[in-house]
Every structure is written in C-alpha cells, then in structure tokens.
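So this block is run_35.txt, compact mmCIF, C-alpha atoms:
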# COMPACT_ATOMS: atom_id res chain seq x y z
CA MET Q 698 25.85 -9.99 -0.19
CA VAL Q 699 22.66 -11.93 0.42
CA SER Q 700 22.10 -12.54 4.13
CA LEU Q 701 20.34 -15.83 4.91
CA TRP Q 702 20.27 -18.07 7.99
CA GLY Q 703 22.57 -15.89 10.01
CA ARG Q 704 25.42 -15.51 7.50
CA PRO Q 705 26.24 -13.68 4.26
CA TRP Q 706 26.43 -15.48 0.91
CA THR Q 707 28.01 -14.48 -2.36
CA ARG Q 708 26.11 -15.23 -5.54
CA ARG Q 709 28.56 -18.01 -6.39
CA GLU Q 710 28.30 -19.60 -2.93
CA LEU Q 711 24.52 -19.57 -2.86
CA LEU Q 712 23.88 -20.80 -6.40
CA ALA Q 713 26.41 -23.61 -5.96
CA ARG Q 714 24.19 -25.07 -3.23
CA VAL Q 715 20.81 -25.06 -5.03
CA GLY Q 716 19.42 -26.38 -8.29
CA ARG Q 717 17.58 -23.09 -8.84
CA LEU Q 718 17.31 -19.95 -6.78
CA ASP Q 719 13.58 -20.80 -6.44
CA GLN Q 720 14.67 -23.42 -3.92
CA VAL Q 721 15.15 -20.62 -1.38
CA ALA Q 722 13.61 -17.46 -2.87
CA GLY Q 723 11.71 -16.29 -5.92
CA VAL Q 724 8.53 -15.00 -7.54
CA GLN Q 725 5.86 -17.42 -8.74
CA GLN Q 726 2.75 -16.58 -10.74
CA VAL Q 727 -0.35 -18.44 -9.56
CA GLU Q 728 -4.07 -18.14 -10.29
CA ALA Q 729 -6.97 -18.42 -7.85
CA ALA Q 730 -9.28 -21.17 -9.02
CA ASP Q 731 -12.52 -21.20 -7.05
CA GLY Q 732 -15.36 -19.06 -5.78
CA ALA Q 733 -15.42 -15.28 -6.04
CA GLU Q 734 -11.64 -15.11 -6.48
CA ARG Q 735 -11.60 -17.43 -9.50
CA GLY Q 736 -9.29 -16.23 -12.26
CA VAL Q 737 -7.41 -13.63 -10.20
CA ARG Q 738 -3.68 -13.73 -10.94
CA LEU Q 739 -1.23 -13.45 -8.07
CA LEU Q 740 2.54 -13.16 -7.83
CA ARG Q 741 3.86 -14.91 -4.71
CA PHE Q 742 7.12 -13.45 -3.43
CA THR Q 743 9.25 -15.53 -1.05
CA ALA Q 744 12.39 -13.79 0.18
CA GLY Q 745 14.12 -16.79 1.80
CA SER Q 746 14.07 -15.10 5.19
CA GLY Q 747 10.59 -16.27 6.15
CA PHE Q 748 9.17 -13.05 4.69
CA GLY Q 749 6.72 -13.30 1.84
CA PHE Q 750 3.69 -11.65 0.27
CA ASP Q 751 1.25 -11.80 -2.64
CA VAL Q 752 0.93 -9.19 -5.36
CA LEU Q 753 -2.70 -9.11 -6.54
CA VAL Q 754 -2.15 -8.60 -10.26
CA ASP Q 755 -5.84 -8.33 -11.11
CA ARG Q 756 -6.68 -6.10 -8.16
CA GLY Q 757 -4.63 -2.98 -8.84
CA PHE Q 758 -1.27 -4.75 -8.44
CA ASP Q 759 -1.83 -4.26 -4.70
CA ILE Q 760 -0.25 -6.28 -1.89
CA GLY Q 761 -2.48 -8.95 -0.36
CA ARG Q 762 -1.52 -11.38 2.36
CA ALA Q 763 1.93 -11.01 3.88
CA TRP Q 764 3.78 -12.99 6.50
CA LEU Q 765 7.04 -13.40 8.42
CA GLY Q 766 8.05 -16.80 9.76
CA GLY Q 767 4.52 -18.09 9.39
CA GLN Q 768 2.99 -15.15 11.29
CA SER Q 769 0.52 -12.94 9.43
CA LEU Q 770 1.36 -9.25 9.07
CA ALA Q 771 -1.74 -8.00 7.24
CA TRP Q 772 -5.42 -8.04 8.09
CA TRP Q 773 -7.50 -10.09 5.63
CA SER Q 774 -11.10 -8.95 5.45
CA PRO Q 775 -14.28 -11.07 5.60
CA VAL Q 776 -14.68 -10.37 1.87
CA GLY Q 777 -11.33 -11.88 0.99
CA LEU Q 778 -10.18 -11.80 -2.61
CA ILE Q 779 -12.77 -11.28 -5.36
CA ALA Q 780 -12.43 -10.96 -9.12
CA PRO Q 781 -12.40 -7.41 -10.51
CA GLY Q 782 -15.70 -7.97 -12.32
CA LEU Q 783 -17.44 -8.28 -8.93
CA TYR Q 784 -16.10 -4.98 -7.63
CA GLU Q 785 -18.72 -2.32 -6.76
CA PRO Q 786 -17.37 1.25 -7.12
CA ALA Q 787 -20.55 3.20 -6.29
CA GLY Q 788 -21.45 4.56 -2.87
CA ILE Q 789 -19.77 2.51 -0.15
CA GLY Q 790 -19.68 -0.60 -2.33
CA TRP Q 791 -15.89 -0.45 -1.90
CA PHE Q 792 -16.40 -2.41 1.34
CA ARG Q 793 -17.94 -5.29 -0.64
CA GLY Q 794 -14.71 -5.69 -2.58
CA PHE Q 795 -12.15 -4.64 0.03
CA PRO Q 796 -9.80 -7.59 0.68
CA GLY Q 797 -7.70 -5.85 3.29
CA GLY Q 798 -4.15 -6.98 2.64
CA LEU Q 799 -0.91 -5.19 3.37
CA VAL Q 800 -1.48 -2.39 0.80
CA SER Q 801 -4.74 -1.36 -0.86
CA THR Q 802 -4.30 1.65 -3.13
CA CYS Q 803 -7.06 4.26 -3.18
CA GLY Q 804 -7.46 6.72 -6.07
CA LEU Q 805 -6.46 7.67 -8.67
CA ASP Q 806 -8.79 10.66 -8.99
CA HIS Q 807 -10.63 10.32 -5.70
CA THR Q 808 -10.06 9.00 -2.15
CA LEU Q 809 -12.06 8.82 1.07
CA LEU Q 810 -15.84 9.41 1.22
CA GLY Q 811 -17.61 9.95 -2.06
CA GLY Q 812 -20.15 12.39 -3.42
CA THR Q 813 -20.96 14.46 -6.49
CA ASP Q 814 -18.42 16.95 -7.76
CA ASP Q 815 -17.83 19.23 -10.75
CA ALA Q 816 -16.50 17.50 -13.88
CA SER Q 817 -16.43 20.47 -16.26
CA VAL Q 818 -12.65 20.11 -16.61
CA PHE Q 819 -13.35 17.34 -19.15
CA ASN Q 820 -15.22 19.74 -21.49
CA TYR Q 821 -18.23 17.51 -22.16
CA PRO Q 822 -21.64 19.22 -21.80
CA HIS Q 823 -23.46 16.00 -20.88
CA ARG Q 824 -21.02 15.24 -18.04
CA LYS Q 825 -20.99 18.37 -15.97
CA THR Q 826 -20.71 16.42 -12.72
CA GLU Q 827 -19.34 13.07 -11.60
CA THR Q 828 -20.45 10.97 -8.61
CA TYR Q 829 -17.59 9.30 -6.78
CA GLY Q 830 -17.72 6.26 -4.52
CA LEU Q 831 -15.65 5.57 -1.43
CA HIS Q 832 -11.91 5.55 -2.16
CA GLY Q 833 -12.26 5.59 -5.94
CA ARG Q 834 -12.09 2.89 -8.60
CA PHE Q 835 -8.44 1.88 -8.57
CA THR Q 836 -8.36 -1.24 -6.42
CA GLY Q 837 -11.05 -2.87 -8.58
CA LEU Q 838 -9.01 -2.58 -11.78
CA PRO Q 839 -6.81 -5.38 -13.20
CA ALA Q 840 -3.23 -4.68 -14.18
CA ARG Q 841 -1.35 -5.45 -17.36
CA LEU Q 842 1.57 -7.57 -16.17
CA ALA Q 843 4.81 -6.24 -17.66
CA GLY Q 844 7.15 -8.77 -16.10
CA TYR Q 845 8.55 -10.36 -12.96
CA GLY Q 846 11.60 -12.30 -11.83
CA THR Q 847 14.92 -12.00 -10.04
CA ALA Q 848 17.84 -9.69 -10.72
CA TRP Q 849 21.40 -10.05 -9.46
CA HIS Q 850 23.49 -6.92 -8.93
CA GLY Q 851 26.87 -8.29 -8.02
CA ASP Q 852 26.24 -10.37 -4.89
CA GLU Q 853 22.89 -8.70 -4.12
CA CYS Q 854 19.67 -10.25 -5.41
CA VAL Q 855 16.33 -8.49 -5.86
CA LEU Q 856 12.91 -10.02 -6.51
CA TRP Q 857 10.80 -7.76 -8.72
CA ALA Q 858 7.54 -7.35 -10.62
CA GLU Q 859 6.12 -4.58 -12.80
CA GLY Q 860 2.57 -3.83 -13.86
CA GLU Q 861 0.42 -1.09 -15.33
CA VAL Q 862 -3.11 -0.13 -14.31
CA THR Q 863 -5.28 2.14 -16.46
CA GLN Q 864 -8.23 4.10 -15.11
CA ALA Q 865 -9.92 5.77 -18.06
CA ALA Q 866 -13.24 7.00 -19.42
CA VAL Q 867 -14.38 8.66 -22.62
CA PHE Q 868 -14.84 12.35 -21.73
CA GLY Q 869 -13.28 11.62 -18.36
CA GLU Q 870 -10.08 10.80 -16.54
CA GLN Q 871 -7.27 9.03 -18.39
CA LEU Q 872 -4.79 8.05 -15.72
CA VAL Q 873 -2.16 5.31 -15.80
CA LEU Q 874 -0.27 3.97 -12.82
CA ARG Q 875 2.98 2.11 -13.49
CA ARG Q 876 4.12 0.11 -10.46
CA ARG Q 877 7.33 -1.71 -9.62
CA VAL Q 878 7.45 -3.95 -6.54
CA GLU Q 879 10.82 -5.09 -5.18
CA ALA Q 880 12.04 -7.21 -2.26
CA ASP Q 881 15.60 -8.15 -1.38
CA VAL Q 882 16.46 -11.83 -1.08
CA GLY Q 883 17.12 -12.30 2.62
CA GLY Q 884 15.17 -9.14 3.51
CA THR Q 885 11.96 -8.53 5.44
CA ALA Q 886 10.49 -5.60 3.51
CA LEU Q 887 9.09 -4.66 0.12
CA ARG Q 888 9.38 -1.45 -1.88
CA ILE Q 889 6.73 0.05 -4.15
CA THR Q 890 7.58 2.66 -6.77
CA ASP Q 891 4.54 4.19 -8.47
CA THR Q 892 4.36 6.64 -11.35
CA VAL Q 893 0.95 8.15 -12.06
CA ALA Q 894 0.58 9.81 -15.47
CA ASN Q 895 -2.23 11.77 -17.08
CA THR Q 896 -2.37 10.37 -20.62
CA GLY Q 897 -5.42 12.44 -21.58
CA ALA Q 898 -5.77 15.75 -23.38
CA THR Q 899 -7.28 17.68 -20.45
CA ALA Q 900 -6.21 18.36 -16.89
CA CYS Q 901 -7.40 15.70 -14.43
CA PRO Q 902 -7.95 15.70 -10.65
CA HIS Q 903 -5.59 13.39 -8.78
CA MET Q 904 -5.76 11.93 -5.27
CA LEU Q 905 -3.86 8.95 -3.84
CA LEU Q 906 -3.88 7.08 -0.53
CA TYR Q 907 -2.09 3.89 0.55
CA HIS Q 908 -4.37 1.88 2.87
CA CYS Q 909 -1.82 -0.28 4.78
CA ASN Q 910 -3.77 -2.77 6.90
CA VAL Q 911 -1.98 -4.32 9.89
CA GLY Q 912 -3.69 -7.24 11.60
CA PHE Q 913 -3.35 -9.94 14.25
CA PRO Q 914 -0.99 -10.96 15.85
CA VAL Q 915 0.64 -7.52 15.56
CA VAL Q 916 -2.70 -5.89 16.38
CA ASP Q 917 -3.55 -7.37 19.75
CA VAL Q 918 -3.33 -6.48 23.42
CA GLY Q 919 -0.14 -4.46 23.94
CA ALA Q 920 0.03 -3.02 20.42
CA GLU Q 921 1.32 0.55 20.07
CA LEU Q 922 1.77 3.18 17.41
CA ALA Q 923 5.43 4.08 16.97
CA TYR Q 924 4.92 7.36 15.13
CA PRO Q 925 7.19 10.39 14.75
CA ALA Q 926 4.25 12.56 15.79
CA GLY Q 927 2.39 13.99 18.70
CA PRO Q 928 -1.03 12.78 19.84
CA GLY Q 929 -3.44 12.20 16.99
CA THR Q 930 -6.52 14.28 16.31
CA CYS Q 931 -9.76 12.29 16.16
CA VAL Q 932 -11.45 12.74 12.78
CA SER Q 933 -14.44 10.42 13.22
CA ASP Q 934 -17.40 9.98 15.56
CA ALA Q 935 -17.31 6.21 15.12
CA CYS Q 936 -16.79 3.93 18.11
CA ASP Q 937 -13.33 3.03 16.83
CA PRO Q 938 -12.33 6.29 15.19
CA GLY Q 939 -9.74 7.46 12.74
CA TYR Q 940 -6.94 9.78 13.71
CA ARG Q 941 -4.89 12.35 11.88
CA HIS Q 942 -1.21 12.67 12.80
CA ASP Q 943 1.22 15.39 11.82
CA MET Q 944 4.24 13.24 10.99
CA VAL Q 945 7.77 14.55 11.47
CA PRO Q 946 10.13 13.38 8.70
CA GLY Q 947 13.73 12.39 9.26
CA PRO Q 948 16.69 14.32 7.85
CA ASP Q 949 16.21 12.64 4.46
CA GLY Q 950 12.59 13.83 4.22
CA THR Q 951 11.05 10.40 4.78
CA VAL Q 952 8.51 9.47 7.42
CA SER Q 953 8.95 6.16 9.27
CA ALA Q 954 5.91 4.90 11.19
CA ALA Q 955 4.94 1.53 12.63
CA VAL Q 956 2.46 -0.57 14.55
CA ILE Q 957 4.46 -2.60 17.07
CA ASN Q 958 3.71 -5.27 19.64
CA ARG Q 959 6.51 -6.07 22.06
CA GLY Q 960 4.59 -8.99 23.53
CA ALA Q 961 4.36 -10.63 20.12
CA GLY Q 962 7.90 -9.55 19.22
CA LEU Q 963 6.55 -8.30 15.91
CA GLY Q 964 5.76 -5.06 14.12
CA VAL Q 965 4.93 -3.60 10.72
CA TYR Q 966 6.53 -0.37 9.54
CA GLN Q 967 6.12 1.93 6.57
CA ARG Q 968 8.46 4.53 5.09
CA TYR Q 969 7.50 7.19 2.55
CA SER Q 970 8.28 10.72 1.37
CA ARG Q 971 6.55 13.43 3.40
CA ALA Q 972 6.74 15.82 0.43
CA ALA Q 973 4.79 13.44 -1.84
CA LEU Q 974 2.36 12.25 0.84
CA PRO Q 975 1.98 15.11 3.32
CA HIS Q 976 -1.03 13.71 5.22
CA HIS Q 977 -1.45 10.60 7.39
CA ILE Q 978 -4.60 8.96 8.72
CA THR Q 979 -4.84 6.01 11.12
CA TRP Q 980 -7.95 3.87 10.74
CA ARG Q 981 -8.52 1.88 13.93
CA GLN Q 982 -11.21 -0.81 14.03
CA LEU Q 983 -11.01 -3.13 17.03
CA GLY Q 984 -14.30 -5.03 16.72
CA ALA Q 985 -14.63 -8.80 16.34
CA GLY Q 986 -13.53 -9.78 12.85
CA THR Q 987 -12.82 -6.22 11.79
CA TYR Q 988 -9.71 -6.11 13.98
CA VAL Q 989 -7.30 -3.88 12.14
CA VAL Q 990 -5.14 -0.79 12.36
CA ALA Q 991 -4.47 0.85 8.99
CA MET Q 992 -1.68 3.37 8.42
CA GLU Q 993 -2.71 5.61 5.53
CA PRO Q 994 -0.27 8.11 4.01
CA SER Q 995 -2.14 10.33 1.58
CA THR Q 996 -1.90 13.25 -0.82
CA ASN Q 997 -4.89 14.85 0.90
CA ARG Q 998 -6.53 15.40 4.26
CA ASP Q 999 -8.98 12.91 5.70
CA ALA Q 1000 -12.13 14.88 4.83
CA GLY Q 1001 -12.36 13.87 1.18
CA ARG Q 1002 -12.73 15.52 -2.20
CA ALA Q 1003 -15.23 18.25 -1.36
CA ASP Q 1004 -13.04 19.46 1.48
CA ALA Q 1005 -9.97 19.39 -0.77
CA ARG Q 1006 -11.74 21.49 -3.40
CA ALA Q 1007 -13.04 23.95 -0.80
CA ARG Q 1008 -9.53 24.42 0.59
CA GLY Q 1009 -8.01 24.83 -2.86
CA GLU Q 1010 -6.04 21.62 -2.32
CA LEU Q 1011 -7.55 19.42 -5.04
CA GLN Q 1012 -4.56 18.63 -7.22
CA HIS Q 1013 -4.71 18.33 -11.01
CA LEU Q 1014 -2.30 16.64 -13.37
CA ALA Q 1015 -1.80 18.49 -16.63
CA PRO Q 1016 -1.83 16.49 -19.89
CA GLY Q 1017 1.35 14.40 -19.93
CA GLU Q 1018 2.23 15.26 -16.31
CA GLU Q 1019 3.51 12.52 -13.98
CA ARG Q 1020 3.79 12.10 -10.22
CA ARG Q 1021 6.11 9.62 -8.52
CA TYR Q 1022 5.49 7.93 -5.17
CA THR Q 1023 7.54 5.47 -3.14
CA LEU Q 1024 6.45 3.31 -0.23
CA GLU Q 1025 8.49 0.82 1.76
CA ILE Q 1026 6.63 -1.52 4.08
CA GLY Q 1027 8.06 -4.38 6.07
CA ALA Q 1028 8.37 -6.35 9.28
CA LEU Q 1029 10.10 -5.60 12.56
CA ALA Q 1030 11.16 -8.83 14.25
CA GLY Q 1031 12.29 -9.09 17.85
CA THR Q 1032 12.80 -6.68 20.72
CA GLU Q 1033 16.01 -5.16 19.36
CA ASP Q 1034 14.49 -4.11 16.02
CA ILE Q 1035 11.28 -2.87 17.65
CA ASP Q 1036 13.06 -0.83 20.33
CA ALA Q 1037 15.47 0.73 17.84
CA PHE Q 1038 12.63 1.78 15.52
CA ALA Q 1039 10.47 3.09 18.36
CA GLY Q 1040 13.41 5.01 19.81
CA ARG Q 1041 14.03 6.84 16.53
CA ALA Q 1042 10.32 7.66 16.21
CA GLY Q 1043 10.24 8.91 19.79
CA LEU Q 1044 13.20 11.20 19.25
CA LEU Q 1045 11.49 12.81 16.28
CA ALA Q 1046 8.19 13.12 18.08
CA GLY Q 1047 9.79 14.35 21.28
CA GLN Q 1048 7.22 12.46 23.34
CA ALA Q 1049 5.70 9.08 24.17
CA ARG Q 1050 3.96 6.89 21.61
CA ASP Q 1051 0.18 6.71 21.27
CA PRO Q 1052 -1.48 3.54 22.58
CA VAL Q 1053 -3.74 1.50 20.31
CA ARG Q 1054 -5.73 0.10 23.23
Take the structure in the file and write it out as structure tokens.
Amino acid sequence: MVSLWGRPWTRRELLARVGRLDQVAGVQQVEAADGAERGVRLLRFTAGSGFGFDVLVDRGFDIGRAWLGGQSLAWWSPVGLIAPGLYEPAGIGWFRGFPGGLVSTCGLDHTLLGGTDDASVFNYPHRKTETYGLHGRFTGLPARLAGYGTAWHGDECVLWAEGEVTQAAVFGEQLVLRRRVEADVGGTALRITDTVANTGATACPHMLLYHCNVGFPVVDVGAELAYPAGPGTCVSDACDPGYRHDMVPGPDGTVSAAVINRGAGLGVYQRYSRAALPHHITWRQLGAGTYVVAMEPSTNRDAGRADARARGELQHLAPGEERRYTLEIGALAGTEDIDAFAGRAGLLAGQARDPVR
C-alpha cells in the first residue's frame, strides 16, 4: 500500500479523498522560459512524502534539483540550467554547461579528462583519431520523450518517465541510451534503469559514469561518508581532491554508499550493481560556491580513456550489443535511518567511516 502521513492507504481509500492523484503526487511537464535555460523541458516529480525532483528532459534526461521536506539534496552549480544548444563539449567546456543536480550522466563513449585517441575502429581514413572533451557529450544532448505518468500495481503506485538519448556521428559512434525513471508514491528515492545500445555497424568504445552531486545542507560541518570501503586513495593533487574507494558489495551484489550529516538529520544515498559499475570516485570540492561532494560510480578507473586503453580496459560494444545499468538514489531522513544505513556500511567495511571535513 501507499504510505503517506504516517499511515498506509489502499488505492480506493486514497483516490476517494482527492479529485485527482495530482493533488498529492504526480509528474508534471514544465518548460523553462527565460535566460539561458529557455525552452528546456522538465518533468517535475512529487512523491507526496515531501520528496521531489526534476528530470531534465533536454539535458540527457538527467536529474536536476531534488529536495525532501523543502531541504535541498543536490548541489546546483553557478551555471545552473542551460539549453543544449549552449553546451560546449570541447576541452573542459563541460564546466560551462554543468548544472550540478542529483545525477549528471557522463559518457557514452568517454568519461573523465579528455584528449586525442585512436578512432580507426570506425573504418574512415579521414578520421583516424578523435579528440574528446571532459566527461563526453552525453549531458548536452536532448532526449526524445517517450512518455510519463503514474501506474498503479494493486495498491502500490509508481511515478514514471521514459526517454531516449542518441549520441551519433557519421563515421563515428552510434549509441542510444534508453532511460526509465521511477519513484514510489510515498517514497523518498528514485530509480534509474538505463540501457545503452550500439546501433551502428562497427564496434564502439563505451564508458559511463554517474556524477551524483550532494550539496548543502547535507554537505556541511559534520558531514561524513558512509561507505562500505576502507580509506580512500587520493587521485588528485588539487586542494580538494578526488578519492578512489574499493567498495564492498552486499550479498546481493549491490553497493550502498551515502553522504550523511547527523547534525542536519539528513543524508543522500546511492545503490548500484558492483558488477556493472566496478569503480567509484568521490569528488570533493569544499570551496565557497563550489561546495559539493559527488559520489561517482563508473565503468572505469578515475584516470580516463588513455589509461583505460593502456590497461586493456577500454570496453567496446559490438554492433547491436546492449549494456544495462541501474542506479537508485534517495534521501535518508532522521537519526534512525542514518544510523541504520551507516551501521550496514560499517559492517561491510569493517572499519570507521571517512570524514568529509
């Protein structure tokens, strides 16, 4: 049954008390109307529990702002939301279009720092190499909206949306990501199911990273990483570096990791398959304005494409081949939820959590 306001409700009981389900929960399509974000379509999910989020239809079907009970869960960058036509894929232009948000998808053929790499797999003599920008092109691409709405399954109700993003070039990659986003009415989490397919006639490199950006008030004094892992390994010389963690999955093969803040009584967790996303990077930036901790499960190590090729770890999708990924991300509310989650992570790690500050 749907759980709202401290009690369970059957479908009949709940619908008898409202004119439309939208009165308490639903999905609404809206369009940004001014400035650099003008024309960007969004799907606003409200779960009825105080949990809600925006799906950025025209920015890779990614997850933008998210909240629980009026408190923000995701960091929102100084750039904010911009239309896909303003996105800059070359070099580190990614930062000029990076909105932050709860989930920014990086890929589909490249993640992390860019550079020039061999492109002979595409069998075109005038394109022997390709130059890649930071984190790839994906998040600057608009989606084709397949549908959205609510679905009852007995007395359970799910909010959902589906979209398709194509990253393609003549004599280049032809990759399609099909995404379904779901959230339970009465819940405090969302689920992403992605299928990446090579629709081209040649093999194609494939890399994927979920850039999950947690912000204030979760990220503040007293914040901690609740990871099923030992101490992280620093992978950057920056003042606020990135860390690599060797995550320990649970018995079902999934990794559960979180940024928590007991003082705020709030946390953000993620859950994903270790087999599909074997690597995890934590991007920690604690400067004024850029005040964010990002949890980044990834198909590849933190060192980028050249390192992956040198190690023999650069994956390719054969023509017609598909890969499936799942990511759950949600809120932890109150001491009981936070302590229970942290306790499970600690048991898997076998040691204390890593401090953010």
Point-to-point distance in Å for atom CA of Q:Glu827 and atom CA of Q:Val754: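 Atom-to-atom, atom CA of Q:Val754 and atom CA of Q:Glu827 are spaced 27.7 Å apart.
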Selection near Q:Ile957, 9 Å with all atoms listed in the file, sequence-local residues under 6 positions removed, as an MDAnalysis selection string: chainID Q and resid 915:916 919:923 963:966 1029 1035 1039
May I have the selected residues written with C-alpha atoms, as a short mmCIF file (atom, residue, chain, number, x, y, z; two decimals), in the frame of the given file?
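Writing done, so here's result-v1.cif:
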data_model
loop_
_atom_site.label_atom_id
_atom_site.label_comp_id
_atom_site.auth_asym_id
_atom_site.auth_seq_id
_atom_site.Cartn_x
_atom_site.Cartn_y
_atom_site.Cartn_z
CA VAL Q 915 0.64 -7.52 15.56
CA VAL Q 916 -2.70 -5.89 16.38
CA GLY Q 919 -0.14 -4.46 23.94
CA ALA Q 920 0.03 -3.02 20.42
CA GLU Q 921 1.32 0.55 20.07
CA LEU Q 922 1.77 3.18 17.41
CA ALA Q 923 5.43 4.08 16.97
CA LEU Q 963 6.55 -8.30 15.91
CA GLY Q 964 5.76 -5.06 14.12
CA VAL Q 965 4.93 -3.60 10.72
CA TYR Q 966 6.53 -0.37 9.54
CA LEU Q 1029 10.10 -5.60 12.56
CA ILE Q 1035 11.28 -2.87 17.65
CA ALA Q 1039 10.47 3.09 18.36
#
Using all atoms listed in the file, which residue out of Q:Ile789, Q:Ala733, Q:Val932, Q:Val818 lies closest to Q:Gly777?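 Smallest separation from Q:Gly777 among the options: Q:Ala733.
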Could you give me, as a PyMOL selection string, the residues that sit within 10 Å of (-15.4, 15.6, 2.2) in the file's coordinates, counting only C-alpha atoms? chain Q and resi 808-812+998-1007
Could the residues in this selection be saved with C-alpha atoms as a CSV table (one decimal), in the coordinates of the input?
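Contents of result-v4.csv, freshly written:
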chain,number,residue,atom,x,y,z
Q,808,THR,CA,-10.1,9.0,-2.2
Q,809,LEU,CA,-12.1,8.8,1.1
Q,810,LEU,CA,-15.8,9.4,1.2
Q,811,GLY,CA,-17.6,10.0,-2.1
Q,812,GLY,CA,-20.2,12.4,-3.4
Q,998,ARG,CA,-6.5,15.4,4.3
Q,999,ASP,CA,-9.0,12.9,5.7
Q,1000,ALA,CA,-12.1,14.9,4.8
Q,1001,GLY,CA,-12.4,13.9,1.2
Q,1002,ARG,CA,-12.7,15.5,-2.2
Q,1003,ALA,CA,-15.2,18.2,-1.4
Q,1004,ASP,CA,-13.0,19.5,1.5
Q,1005,ALA,CA,-10.0,19.4,-0.8
Q,1006,ARG,CA,-11.7,21.5,-3.4
Q,1007,ALA,CA,-13.0,24.0,-0.8
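Separating atom CA of Q:Met698 from atom CA of Q:Ala886 is a distance of 16.4 Å.
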What does the distance between atom CA of Q:Gly947 and atom CA of Q:Gly797 come to in Å, to one decimal place?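 Computing the Euclidean distance for atom CA of Q:Gly947 and atom CA of Q:Gly797 yields 28.8 Å.
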Spatial neighbours of Q:Pro948, 12 Å, only C-alpha atoms, chain gap at least 3 places, as a count of residues only: 8
Shell of 8 Å around stretch 749-751 of chain Q, only C-alpha atoms, local chain residues under 5 positions omitted, as a PyMOL selection string: chain Q and resi 739-744+760-765+885
Of the candidates Q:Gly716, Q:Pro994, Q:Pro822, Q:Gly745, which one gets nearest to Q:Gly703 if we count all atoms listed in the file?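 Of the candidates, the smallest distance to Q:Gly703 is held by Q:Gly745.
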Pull the neighbourhood of (-4.4, -0.6, 4.7) for me: all residues within 8 Å in file coordinates, counting all atoms listed in the file, as a VMD selection string. chain Q and resid 797 to 801 907 to 911 990 to 993
Selection from above, C-alpha atoms, as a short mmCIF file (atom, residue, chain, number, x, y, z; two decimals), keeping the file's coordinate frame, can you write it?
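Produced file part.cif, reproduced below:
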data_model
loop_
_atom_site.label_atom_id
_atom_site.label_comp_id
_atom_site.auth_asym_id
_atom_site.auth_seq_id
_atom_site.Cartn_x
_atom_site.Cartn_y
_atom_site.Cartn_z
CA GLY Q 797 -7.70 -5.85 3.29
CA GLY Q 798 -4.15 -6.98 2.64
CA LEU Q 799 -0.91 -5.19 3.37
CA VAL Q 800 -1.48 -2.39 0.80
CA SER Q 801 -4.74 -1.36 -0.86
CA TYR Q 907 -2.09 3.89 0.55
CA HIS Q 908 -4.37 1.88 2.87
CA CYS Q 909 -1.82 -0.28 4.78
CA ASN Q 910 -3.77 -2.77 6.90
CA VAL Q 911 -1.98 -4.32 9.89
CA VAL Q 990 -5.14 -0.79 12.36
CA ALA Q 991 -4.47 0.85 8.99
CA MET Q 992 -1.68 3.37 8.42
CA GLU Q 993 -2.71 5.61 5.53
#
Please list as number ranges by chain every residue within 12 Å of Q:Asp881, counting all atoms listed in the file and excluding residues in the same chain fewer than 5 positions away. Q: 698-701, 722-724, 742-746, 748-749, 846-850, 852-857, 886-888, 1025, 1027
With distances taken over only C-alpha atoms, which residue among Q:Glu859, Q:Gly869, Q:Leu974, Q:Arg875 lies nearest Q:Met944? Q:Leu974
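The smallest atom-to-atom distance between Q:Ala858 and any of Q:Asp759, Q:Phe819, Q:Asp814, Q:Ala729, using all atoms listed in the file, is found for Q:Asp759.
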